[in-house]
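Asks: My structure file structure_13.cif, mmCIF, C-alpha atoms, is below:
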```cif
data_start
#
loop_
_atom_site.label_atom_id
_atom_site.label_comp_id
_atom_site.auth_asym_id
_atom_site.auth_seq_id
_atom_site.Cartn_x
_atom_site.Cartn_y
_atom_site.Cartn_z
CA MET W 18 0.21 -5.51 34.89
CA LYS W 19 1.01 -2.35 36.82
CA ARG W 20 -0.95 -0.29 34.29
CA LEU W 21 -3.95 -2.62 34.52
CA ALA W 22 -3.88 -2.56 38.31
CA PHE W 23 -3.72 1.23 38.28
CA LEU W 24 -6.61 1.49 35.85
CA PHE W 25 -8.71 -0.92 37.93
CA ALA W 26 -8.08 1.10 41.08
CA PHE W 27 -8.89 4.27 39.18
CA ALA W 28 -12.16 2.78 37.96
CA LEU W 29 -13.14 1.96 41.55
CA LEU W 30 -12.52 5.56 42.56
CA ALA W 31 -14.62 6.81 39.64
CA ALA W 32 -17.43 4.47 40.63
CA CYS W 33 -17.51 6.07 44.07
CA ALA W 34 -18.47 9.47 42.63
CA LYS W 35 -21.90 10.80 43.57
CA PRO W 36 -23.18 12.47 40.41
CA HIS W 37 -26.45 13.52 42.03
CA ASP W 38 -24.54 15.79 44.44
CA GLY W 39 -22.01 16.80 41.83
CA ALA W 40 -19.45 14.74 39.97
CA VAL W 41 -15.78 14.58 39.16
CA LEU W 42 -15.39 12.77 35.84
CA THR W 43 -12.10 11.58 34.43
CA TYR W 44 -11.00 12.40 30.89
CA GLY W 45 -8.19 10.62 29.05
CA SER W 46 -6.34 11.69 25.90
CA LEU W 47 -3.46 10.29 23.90
CA TYR W 48 -2.02 13.76 23.35
CA PRO W 49 -0.02 16.21 25.50
CA PRO W 50 -1.72 19.38 26.78
CA SER W 51 0.05 21.48 24.13
CA HIS W 52 -1.50 19.62 21.19
CA PRO W 53 -4.32 21.37 19.26
CA PHE W 54 -6.70 18.51 20.16
CA SER W 55 -5.91 19.00 23.84
CA ARG W 56 -6.35 22.77 23.64
CA ALA W 57 -9.84 22.11 22.28
CA ASP W 58 -10.43 19.66 25.11
CA VAL W 59 -9.45 22.31 27.65
CA THR W 60 -11.93 24.76 26.07
CA TRP W 61 -14.66 22.14 26.46
CA ILE W 62 -13.67 21.32 30.04
CA LYS W 63 -13.80 24.98 31.07
CA TRP W 64 -17.19 25.41 29.37
CA VAL W 65 -18.68 22.37 31.12
CA GLU W 66 -17.38 23.36 34.54
CA THR W 67 -18.60 26.96 34.14
CA GLU W 68 -22.03 26.02 32.81
CA SER W 69 -22.54 23.49 35.60
CA GLY W 70 -21.78 26.09 38.23
CA GLY W 71 -18.93 23.93 39.47
CA ARG W 72 -21.10 20.84 40.09
CA LEU W 73 -19.46 18.95 37.25
CA LYS W 74 -15.67 18.76 37.28
CA ILE W 75 -13.50 17.13 34.62
CA HIS W 76 -10.12 15.71 35.67
CA PRO W 77 -7.90 15.28 32.58
CA TYR W 78 -5.11 12.75 32.06
CA TRP W 79 -2.92 13.54 29.06
CA SER W 80 -0.33 11.79 26.89
CA GLY W 81 -1.86 8.32 26.87
CA GLY W 82 -1.30 7.56 30.52
CA LEU W 83 -4.79 6.05 30.92
CA LEU W 84 -5.87 5.43 27.36
CA SER W 85 -4.48 3.57 24.34
CA SER W 86 -5.04 4.26 20.64
CA ASP W 87 -6.29 0.85 19.52
CA GLU W 88 -8.24 -0.14 22.66
CA SER W 89 -9.68 3.22 23.71
CA MET W 90 -13.29 2.28 22.95
CA ALA W 91 -13.07 -0.97 24.93
CA GLU W 92 -11.37 0.82 27.82
CA LEU W 93 -14.20 3.33 28.03
CA ARG W 94 -16.88 0.65 27.71
CA HIS W 95 -15.38 -1.14 30.70
CA GLY W 96 -15.40 2.06 32.75
CA LEU W 97 -11.64 2.48 33.12
CA LEU W 98 -12.28 6.16 32.41
CA ASP W 99 -15.44 8.24 32.27
CA ILE W 100 -14.73 10.24 29.12
CA GLY W 101 -12.02 9.80 26.55
CA LEU W 102 -10.56 10.51 23.15
CA ILE W 103 -11.44 7.52 20.95
CA THR W 104 -10.00 6.46 17.60
CA PRO W 105 -12.42 3.95 16.03
CA ILE W 106 -10.63 4.25 12.67
CA TYR W 107 -7.66 2.53 14.32
CA ALA W 108 -9.66 -0.01 16.31
CA ARG W 109 -8.60 -3.62 15.88
CA GLY W 110 -12.15 -4.73 15.19
CA GLY W 111 -15.83 -3.90 15.51
CA ALA W 112 -15.81 -0.53 13.70
CA GLN W 113 -15.50 -1.49 10.04
CA VAL W 114 -18.18 0.91 8.79
CA ILE W 115 -16.76 3.88 10.71
CA ARG W 116 -13.29 2.95 9.48
CA VAL W 117 -14.24 2.60 5.80
CA GLN W 118 -16.47 5.69 5.75
CA SER W 119 -13.42 7.83 6.53
CA GLY W 120 -12.55 7.37 2.84
CA PHE W 121 -15.92 8.57 1.49
CA TYR W 122 -15.16 12.30 1.62
CA GLY W 123 -13.72 12.94 -1.84
CA GLY W 124 -14.64 16.47 -2.89
CA THR W 125 -14.89 18.02 0.58
CA HIS W 126 -13.08 21.32 0.94
CA SER W 127 -13.19 22.07 4.65
CA TYR W 128 -13.34 20.73 8.18
CA ALA W 129 -16.92 21.97 8.56
CA GLU W 130 -18.00 20.04 5.46
CA GLN W 131 -16.47 16.86 6.87
CA LEU W 132 -18.65 17.15 9.96
CA GLN W 133 -21.77 17.78 7.88
CA VAL W 134 -21.13 14.68 5.79
CA TYR W 135 -20.44 12.50 8.83
CA HIS W 136 -23.55 13.61 10.71
CA CYS W 137 -25.64 13.01 7.61
CA MET W 138 -24.42 9.43 7.23
CA ALA W 139 -24.71 8.71 10.96
CA SER W 140 -28.29 9.99 11.08
CA ALA W 141 -29.30 7.79 8.14
CA PHE W 142 -27.55 4.50 8.95
CA PRO W 143 -27.80 2.70 12.33
CA ASP W 144 -24.44 0.98 11.70
CA PHE W 145 -22.67 4.01 13.18
CA ALA W 146 -24.55 3.80 16.49
CA HIS W 147 -24.19 0.02 16.57
CA GLU W 148 -20.41 0.23 16.24
CA THR W 149 -20.18 2.71 19.13
CA GLU W 150 -22.55 0.75 21.37
CA GLY W 151 -21.70 1.15 25.05
CA LEU W 152 -20.61 4.74 24.46
CA LYS W 153 -22.36 8.08 24.22
CA ILE W 154 -20.60 10.14 21.54
CA LEU W 155 -19.82 13.67 22.68
CA ALA W 156 -17.99 14.98 19.60
CA VAL W 157 -17.10 14.17 16.01
CA GLN W 158 -13.74 15.29 14.64
CA GLY W 159 -12.51 16.14 11.16
CA GLY W 160 -9.07 17.24 10.07
CA ASN W 161 -6.98 19.46 7.84
CA LEU W 162 -6.63 18.27 4.27
CA PRO W 163 -3.16 16.85 3.62
CA GLY W 164 -0.93 18.07 0.81
CA VAL W 165 2.42 16.70 -0.33
CA VAL W 166 5.69 17.61 1.39
CA THR W 167 8.74 16.77 -0.75
CA ARG W 168 12.48 16.95 -0.19
CA SER W 169 13.71 18.29 -3.52
CA ARG W 170 11.21 17.67 -6.31
CA PRO W 171 8.17 19.97 -6.55
CA VAL W 172 4.86 18.38 -7.47
CA HIS W 173 2.63 20.36 -9.85
CA THR W 174 0.56 17.56 -11.40
CA LEU W 175 -0.35 13.90 -10.91
CA GLU W 176 2.39 13.05 -13.39
CA ASP W 177 4.96 14.53 -11.01
CA LEU W 178 3.97 12.01 -8.33
CA LYS W 179 5.14 9.09 -10.43
CA GLY W 180 8.19 7.37 -9.01
CA LEU W 181 8.16 9.33 -5.75
CA ARG W 182 8.56 7.26 -2.61
CA LEU W 183 5.98 8.80 -0.28
CA ARG W 184 4.93 8.06 3.25
CA ALA W 185 1.13 8.06 3.27
CA PRO W 186 -1.77 6.87 5.44
CA GLN W 187 -2.82 3.29 4.78
CA GLU W 188 -6.09 4.34 3.14
CA LEU W 189 -4.17 6.27 0.44
CA THR W 190 -1.57 3.66 -0.49
CA GLY W 191 -3.72 1.99 -3.16
CA LEU W 192 -4.58 5.34 -4.74
CA LEU W 193 -0.95 6.49 -4.84
CA ALA W 194 0.18 3.18 -6.30
CA ASP W 195 -2.41 3.54 -9.08
CA ILE W 196 -1.02 6.99 -9.85
CA GLY W 197 2.49 5.54 -10.13
CA ALA W 198 3.98 6.68 -6.83
CA ASP W 199 5.74 4.30 -4.45
CA PRO W 200 3.76 4.61 -1.20
CA VAL W 201 5.12 3.38 2.12
CA ASN W 202 3.43 3.16 5.50
CA MET W 203 5.62 4.13 8.44
CA ALA W 204 5.07 5.77 11.80
CA MET W 205 4.99 9.56 11.58
CA GLN W 206 7.72 9.83 14.20
CA ASP W 207 10.07 8.08 11.75
CA VAL W 208 9.34 10.37 8.79
CA TYR W 209 11.76 13.17 9.75
CA SER W 210 14.71 10.79 9.80
CA ALA W 211 13.58 9.07 6.58
CA LEU W 212 13.34 12.42 4.79
CA ALA W 213 16.70 13.56 6.11
CA LYS W 214 18.41 10.38 4.90
CA GLY W 215 16.63 10.30 1.55
CA VAL W 216 14.91 7.00 2.37
CA ILE W 217 11.67 8.63 1.20
CA ASP W 218 11.10 11.52 -1.18
CA GLY W 219 8.17 13.02 0.65
CA VAL W 220 5.13 12.60 2.84
CA VAL W 221 1.40 13.16 2.43
CA ALA W 222 0.67 15.44 5.39
CA PRO W 223 -1.05 18.72 6.30
CA ALA W 224 0.87 21.99 6.51
CA ASP W 225 0.88 22.07 10.30
CA THR W 226 3.56 19.32 10.23
CA LEU W 227 6.03 21.82 8.78
CA GLN W 228 6.27 23.25 12.28
CA SER W 229 4.99 20.52 14.61
CA LEU W 230 7.22 17.79 13.13
CA HIS W 231 9.94 20.15 11.84
CA PHE W 232 9.57 18.96 8.24
CA ASN W 233 10.76 22.40 7.11
CA GLU W 234 14.28 21.28 8.11
CA VAL W 235 14.34 18.25 5.78
CA ALA W 236 12.05 19.27 2.89
CA LYS W 237 11.81 22.17 0.45
CA HIS W 238 8.36 21.99 -1.13
CA PHE W 239 4.72 21.79 -0.07
CA THR W 240 2.15 21.10 -2.79
CA THR W 241 -1.39 22.22 -2.05
CA ALA W 242 -3.06 19.12 -3.44
CA ARG W 243 -6.19 18.19 -1.49
CA PHE W 244 -6.19 14.57 -0.35
CA ALA W 245 -9.62 14.13 1.14
CA ARG W 246 -9.95 12.91 4.68
CA GLY W 247 -12.94 11.97 6.73
CA ALA W 248 -14.53 12.68 10.08
CA TYR W 249 -15.14 10.16 12.83
CA PRO W 250 -16.48 10.05 16.41
CA SER W 251 -13.58 11.09 18.58
CA ARG W 252 -14.83 11.95 22.08
CA ALA W 253 -17.16 9.76 24.10
CA ILE W 254 -18.45 9.03 27.57
CA SER W 255 -18.96 5.52 28.90
CA LEU W 256 -22.63 4.55 29.09
CA LYS W 257 -21.88 3.23 32.58
CA THR W 258 -21.04 6.78 33.61
CA TRP W 259 -23.73 8.39 31.47
CA GLU W 260 -26.52 6.37 33.07
CA LYS W 261 -25.46 7.47 36.56
CA LEU W 262 -25.73 11.16 35.73
CA PRO W 263 -28.86 13.10 36.66
CA PRO W 264 -30.99 14.55 33.83
CA ASP W 265 -29.65 18.10 34.18
CA MET W 266 -26.04 16.94 33.75
CA LYS W 267 -26.97 14.79 30.76
CA ALA W 268 -28.68 17.82 29.23
CA LEU W 269 -25.57 19.91 29.90
CA LEU W 270 -23.32 17.39 28.14
CA GLU W 271 -25.74 17.24 25.20
CA ARG W 272 -25.48 21.02 24.92
CA SER W 273 -21.70 20.77 25.08
CA ILE W 274 -21.45 18.70 21.87
CA PRO W 275 -21.38 21.64 19.41
CA VAL W 276 -19.07 23.52 21.80
CA TRP W 277 -16.52 20.69 21.68
CA GLU W 278 -16.82 20.21 17.93
CA LYS W 279 -16.39 23.93 17.29
CA ALA W 280 -13.39 24.12 19.61
CA MET W 281 -11.71 21.30 17.69
CA GLU W 282 -12.45 22.95 14.36
CA THR W 283 -10.98 26.22 15.65
CA GLU W 284 -7.79 24.67 17.01
CA VAL W 285 -7.15 22.37 14.05
CA THR W 286 -7.74 25.15 11.52
CA LYS W 287 -5.52 27.50 13.53
CA ALA W 288 -2.72 24.91 13.51
CA GLN W 289 -2.96 24.69 9.72
CA ASP W 290 -2.75 28.48 9.36
CA VAL W 291 0.24 28.56 11.70
CA GLY W 292 1.89 25.82 9.63
CA PHE W 293 1.51 27.77 6.40
CA ALA W 294 2.86 30.96 7.99
CA PHE W 295 5.75 29.06 9.54
CA GLY W 296 6.60 27.44 6.20
CA ARG W 297 6.65 30.77 4.36
CA LYS W 298 8.86 32.31 7.03
CA ASN W 299 11.28 29.38 6.83
CA GLY W 300 11.69 29.19 3.07
CA ILE W 301 9.27 26.43 2.08
CA ASP W 302 8.25 26.61 -1.58
CA PHE W 303 4.45 26.39 -1.76
CA VAL W 304 3.38 24.83 -5.06
CA ASP W 305 -0.11 25.11 -6.54
CA PHE W 306 -1.57 21.81 -7.70
CA ALA W 307 -3.03 21.92 -11.22
CA PRO W 308 -6.87 22.07 -11.16
CA ASP W 309 -7.23 19.28 -13.73
CA SER W 310 -4.92 17.09 -11.64
CA GLN W 311 -7.02 17.81 -8.54
CA ALA W 312 -10.16 16.75 -10.42
CA GLN W 313 -8.44 13.52 -11.48
CA LEU W 314 -7.24 12.94 -7.94
CA ASP W 315 -10.78 13.32 -6.55
CA GLU W 316 -12.10 10.90 -9.18
CA LEU W 317 -9.44 8.29 -8.39
CA TYR W 318 -9.99 8.75 -4.67
CA ASN W 319 -13.71 8.08 -5.04
CA ARG W 320 -13.08 5.07 -7.25
CA GLU W 321 -10.92 3.51 -4.53
CA ALA W 322 -13.51 4.43 -1.89
CA LEU W 323 -16.32 2.76 -3.83
CA ILE W 324 -14.30 -0.44 -4.16
CA ALA W 325 -13.67 -0.39 -0.41
CA ALA W 326 -17.36 0.28 0.29
CA ARG W 327 -18.42 -2.72 -1.79
CA ASN W 328 -16.03 -4.95 0.17
CA VAL W 329 -17.59 -4.14 3.56
CA LYS W 330 -20.42 -6.43 4.59
CA ARG W 331 -23.35 -5.06 6.60
CA GLY W 332 -25.55 -8.09 7.05
CA ASP W 333 -26.86 -8.80 3.55
CA ALA W 334 -25.76 -5.38 2.27
CA THR W 335 -22.51 -3.49 1.74
CA ALA W 336 -21.39 0.04 2.61
CA GLU W 337 -22.08 1.27 -0.95
CA PRO W 338 -25.35 3.06 0.03
CA ILE W 339 -23.41 4.94 2.73
CA PHE W 340 -20.80 5.97 0.17
CA ASN W 341 -23.54 7.14 -2.21
CA LEU W 342 -25.17 9.26 0.50
CA ALA W 343 -21.82 10.84 1.39
CA GLN W 344 -21.19 11.77 -2.22
CA GLN W 345 -24.73 13.10 -2.67
CA THR W 346 -24.24 15.28 0.40
CA ILE W 347 -20.94 16.63 -0.94
CA GLN W 348 -22.48 17.37 -4.35
CA ASN W 349 -25.32 19.26 -2.65
CA LEU W 350 -22.79 21.28 -0.67
CA ARG W 351 -21.02 22.23 -3.92
CA LEU W 352 -24.32 23.23 -5.56
CA GLY W 353 -25.77 24.98 -2.52
CA ALA W 354 -28.66 22.50 -2.52
CA PRO W 355 -30.39 21.30 0.68
CA ASN W 356 -28.65 18.65 2.71
CA PRO W 357 -30.25 15.24 1.99
CA CYS W 358 -30.50 14.41 5.71
CA PRO W 359 -30.55 16.32 9.00
CA THR W 360 -27.36 17.39 10.68
CA GLY W 361 -26.74 18.15 14.29
CA GLY W 362 -24.78 16.92 17.25
CA ALA W 363 -22.56 13.89 17.57
CA GLN W 364 -24.05 10.51 16.76
#
```
Represent the structure of the file as structure tokens.
Replies:
Amino acid sequence: MKRLAFLFAFALLAACAKPHDGAVLTYGSLYPPSHPFSRADVTWIKWVETESGGRLKIHPYWSGGLLSSDESMAELRHGLLDIGLITPIYARGGAQVIRVQSGFYGGTHSYAEQLQVYHCMASAFPDFAHETEGLKILAVQGGNLPGVVTRSRPVHTLEDLKGLRLRAPQELTGLLADIGADPVNMAMQDVYSALAKGVIDGVVAPADTLQSLHFNEVAKHFTTARFARGAYPSRAISLKTWEKLPPDMKALLERSIPVWEKAMETEVTKAQDVGFAFGRKNGIDFVDFAPDSQAQLDELYNREALIAARNVKRGDATAEPIFNLAQQTIQNLRLGAPNPCPTGGAQ
């Protein structure tokens, strides 16, 4: 109740802003200022304030004080904050296409490719805009490709995954079970202890966790398998706030979209590089994943994704056409062929 009362009072203060004379907009994030996501946010905030000549100020609130992970979109729609970090892939409802499309990226090799594929799908299918109704998307976010961190058993091939008890994201549990692993879904903050005690044999996670979550202390090996991951809209402004802004400020925020997306790519990629360097310095054994096993993994990943796409209802259709477009886009990227649909800013 105290949190709700605080948010309501905060919303009233935000409503009192006079955007035509200049504005102070609130920004909420789930992460502390030291997190790579937050460092990217700070880059964006400084850019916006500089480009506006000081007329537009962004007041950040970090560490989830004003925003929750599963209700962030609803909180923004109701104007509890002006701008926020959103996580539609964890939303309790109303974002099933955005959630399922995060598994359509089999074959992508980089963060930049993830953004290209997302923007292509979003430009072609109105489902994406419908599921973010009430919000103006200001940035789409990708992520580093996870590998496999293991306590004592190195993983060179798919065969080596059999029998391993691995913590993995929910969207990968079916795939890992098909391979013969024993996937479990637990909070990431519990993984260190589970590895230390031998409750699990490993975790599907990117290399930056070797440092950020101290996995180097409880694991010996990191296998450079590429488990695909998808992009999703991750920063948004409430339409209630957006509609109050004068045209020049709206234009400024439109121009800021690629700035924010590039800042996130830079910080996330940097964190991955730091993780690899940290692991090498601290004795982690980096294991190459066999190319034929990677090809099999991509094929299995896409098979699971297609099943999931066919199970999502979009009126009288399913998400299969969205999956097909994603895969066509990825194939074109591999071949150097033209993108099948336009790409651009957040959608």
Asks: Can you list what the PyMOL selection byres ((chain W and resi 121) around 7) grabs from this structure, as a PDB file with C-alpha atoms, keeping the file's coordinate frame?
Replies:
```
ATOM      1  CA  GLN W 118     -16.470   5.690   5.750  1.00  0.00           C
ATOM      2  CA  SER W 119     -13.420   7.830   6.530  1.00  0.00           C
ATOM      3  CA  GLY W 120     -12.550   7.370   2.840  1.00  0.00           C
ATOM      4  CA  TYR W 122     -15.160  12.300   1.620  1.00  0.00           C
ATOM      5  CA  GLY W 123     -13.720  12.940  -1.840  1.00  0.00           C
ATOM      6  CA  GLY W 247     -12.940  11.970   6.730  1.00  0.00           C
ATOM      7  CA  ASN W 319     -13.710   8.080  -5.040  1.00  0.00           C
ATOM      8  CA  ALA W 322     -13.510   4.430  -1.890  1.00  0.00           C
ATOM      9  CA  PHE W 340     -20.800   5.970   0.170  1.00  0.00           C
ATOM     10  CA  ALA W 343     -21.820  10.840   1.390  1.00  0.00           C
TER      11      ALA W 343
END
```
Asks: If the PyMOL selection byres ((chain W and resi 45) around 12) were run on this exact file, what residues would it hold? Put them as a CSV table (one decimal) with C-alpha atoms, in the frame of the given file.
Replies:
```csv
chain,number,residue,atom,x,y,z
W,24,LEU,CA,-6.6,1.5,35.8
W,27,PHE,CA,-8.9,4.3,39.2
W,42,LEU,CA,-15.4,12.8,35.8
W,43,THR,CA,-12.1,11.6,34.4
W,44,TYR,CA,-11.0,12.4,30.9
W,46,SER,CA,-6.3,11.7,25.9
W,47,LEU,CA,-3.5,10.3,23.9
W,48,TYR,CA,-2.0,13.8,23.4
W,49,PRO,CA,0.0,16.2,25.5
W,50,PRO,CA,-1.7,19.4,26.8
W,54,PHE,CA,-6.7,18.5,20.2
W,55,SER,CA,-5.9,19.0,23.8
W,58,ASP,CA,-10.4,19.7,25.1
W,59,VAL,CA,-9.4,22.3,27.6
W,75,ILE,CA,-13.5,17.1,34.6
W,76,HIS,CA,-10.1,15.7,35.7
W,77,PRO,CA,-7.9,15.3,32.6
W,78,TYR,CA,-5.1,12.8,32.1
W,79,TRP,CA,-2.9,13.5,29.1
W,80,SER,CA,-0.3,11.8,26.9
W,81,GLY,CA,-1.9,8.3,26.9
W,82,GLY,CA,-1.3,7.6,30.5
W,83,LEU,CA,-4.8,6.0,30.9
W,84,LEU,CA,-5.9,5.4,27.4
W,85,SER,CA,-4.5,3.6,24.3
W,86,SER,CA,-5.0,4.3,20.6
W,89,SER,CA,-9.7,3.2,23.7
W,90,MET,CA,-13.3,2.3,23.0
W,92,GLU,CA,-11.4,0.8,27.8
W,93,LEU,CA,-14.2,3.3,28.0
W,96,GLY,CA,-15.4,2.1,32.8
W,97,LEU,CA,-11.6,2.5,33.1
W,98,LEU,CA,-12.3,6.2,32.4
W,99,ASP,CA,-15.4,8.2,32.3
W,100,ILE,CA,-14.7,10.2,29.1
W,101,GLY,CA,-12.0,9.8,26.6
W,102,LEU,CA,-10.6,10.5,23.2
W,103,ILE,CA,-11.4,7.5,21.0
W,251,SER,CA,-13.6,11.1,18.6
W,252,ARG,CA,-14.8,12.0,22.1
W,253,ALA,CA,-17.2,9.8,24.1
W,254,ILE,CA,-18.4,9.0,27.6
W,255,SER,CA,-19.0,5.5,28.9
```
Asks: Which residue is closest to W:Ala248? Choose from W:Arg109, W:His136, W:Arg320, W:Lys63 and count all atoms listed in the file.
Replies: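 Of all the options, W:His136 lies closest to W:Ala248.
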Asks: Write out as a PyMOL selection string each polymer residue whose atoms come within 7 Å of W:Pro250, counting all atoms listed in the file; drop sequence neighbours fewer than 6 positions from it.
Replies: chain W and resi 154+156-158
Asks: Quick check, in Å to one decimal: how far apart do atom CA of W:Asp305 and atom CA of W:Thr174 lie?
Replies: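 It comes out at 9.0 Å.
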Asks: Between W:Trp64, W:Phe239, W:Tyr128, W:Tyr135, which residue has the minimum interatomic distance to W:Gly296, considering all atoms listed in the file?
Replies: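 Using all atoms listed in the file, the shortest distance to W:Gly296 belongs to W:Phe239.
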Asks: Report, in Å to a single decimal, how far apart atom CA of W:Gln313 and atom CA of W:Phe244 are.
Replies: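 So the two atoms, atom CA of W:Phe244 and atom CA of W:Gln313, lie 11.4 Å apart.
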Asks: Running the PyMOL selection byres ((chain W and resi 325-333) around 12) on this model by hand, what would come out? Give it as a VMD selection string.
Replies: chain W and resid 111 to 121 142 to 145 147 to 148 188 to 189 191 to 192 318 to 324 334 to 343
Asks: Write out as a VMD selection string which residues come within 9 Å of W:Pro186 when counting only C-alpha atoms, dropping same-chain ones fewer than 2 positions away.
Replies: chain W and resid 184 188 to 190 200 to 203 221 to 222
Asks: Would you mind telling me which residue in W:Ala312, W:Ala211, W:Val220, W:Val166 lies nearest to W:Lys237 when using all atoms listed in the file?
Replies: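 Checking each candidate against W:Lys237, we get W:Val166 as the closest.
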Asks: Report, in Å to a single decimal, how far apart atom CA of W:Thr286 and atom CA of W:Glu234 are.
Replies: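 For atom CA of W:Glu234 relative to atom CA of W:Thr286, the distance reads 22.6 Å.
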Asks: Taking all atoms listed in the file into account, name the residue in W:Leu132, W:Asp195, W:Val235, W:Ser229 that is nearest to W:Ser210.
Replies: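 So, comparing all the options, the nearest one is W:Val235.
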Asks: Counting all atoms listed in the file, which of W:Lys257, W:Lys267, W:His238, W:Arg351 gets nearest to W:Val304?
Replies: W:His238
Asks: Hey, what's within 8 Å of stretch 347-350 of chain W if we count all atoms listed in the file and toss same-chain stuff fewer than 5 positions away? As a ChimeraX atom specification, please?
Replies: /W:122,124-125,130,134,355-357
Asks: With all atoms listed in the file as the atoms that count, which of W:Leu181, W:Ile301, W:Leu175, W:Ala245 lies nearest to W:Gln228?
Replies: W:Ile301
Asks: My structure is short of atoms at stretch 205-219 of chain W; please model N, CA and C atoms there, returning them as a compact mmCIF listing (two decimals), in the frame of the given file.
Replies:
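Contents of part00.txt, freshly written:
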```txt
# COMPACT_ATOMS: atom_id res chain seq x y z
N MET W 205 4.66 8.16 11.85
CA MET W 205 4.99 9.56 11.58
C MET W 205 6.25 10.01 12.31
N GLN W 206 6.52 9.41 13.48
CA GLN W 206 7.72 9.83 14.20
C GLN W 206 9.01 9.41 13.49
N ASP W 207 8.90 8.51 12.50
CA ASP W 207 10.07 8.08 11.75
C ASP W 207 10.27 8.85 10.45
N VAL W 208 9.31 9.71 10.10
CA VAL W 208 9.34 10.37 8.79
C VAL W 208 10.48 11.39 8.71
N TYR W 209 10.70 12.15 9.77
CA TYR W 209 11.76 13.17 9.75
C TYR W 209 13.09 12.53 9.38
N SER W 210 13.43 11.47 10.06
CA SER W 210 14.71 10.79 9.80
C SER W 210 14.75 10.22 8.38
N ALA W 211 13.62 9.65 7.93
CA ALA W 211 13.58 9.07 6.58
C ALA W 211 13.74 10.13 5.51
N LEU W 212 13.16 11.31 5.72
CA LEU W 212 13.34 12.42 4.79
C LEU W 212 14.78 12.91 4.80
N ALA W 213 15.33 13.05 5.99
CA ALA W 213 16.70 13.56 6.11
C ALA W 213 17.71 12.65 5.42
N LYS W 214 17.49 11.35 5.48
CA LYS W 214 18.41 10.38 4.90
C LYS W 214 18.11 10.06 3.44
N GLY W 215 17.00 10.59 2.93
CA GLY W 215 16.63 10.30 1.55
C GLY W 215 16.00 8.92 1.37
N VAL W 216 15.59 8.30 2.46
CA VAL W 216 14.91 7.00 2.37
C VAL W 216 13.57 7.16 1.68
N ILE W 217 12.90 8.28 1.91
CA ILE W 217 11.67 8.63 1.20
C ILE W 217 11.84 9.99 0.55
N ASP W 218 11.03 10.24 -0.47
CA ASP W 218 11.10 11.52 -1.18
C ASP W 218 10.14 12.55 -0.61
N GLY W 219 9.15 12.08 0.13
CA GLY W 219 8.17 13.02 0.65
C GLY W 219 7.14 12.33 1.52
```
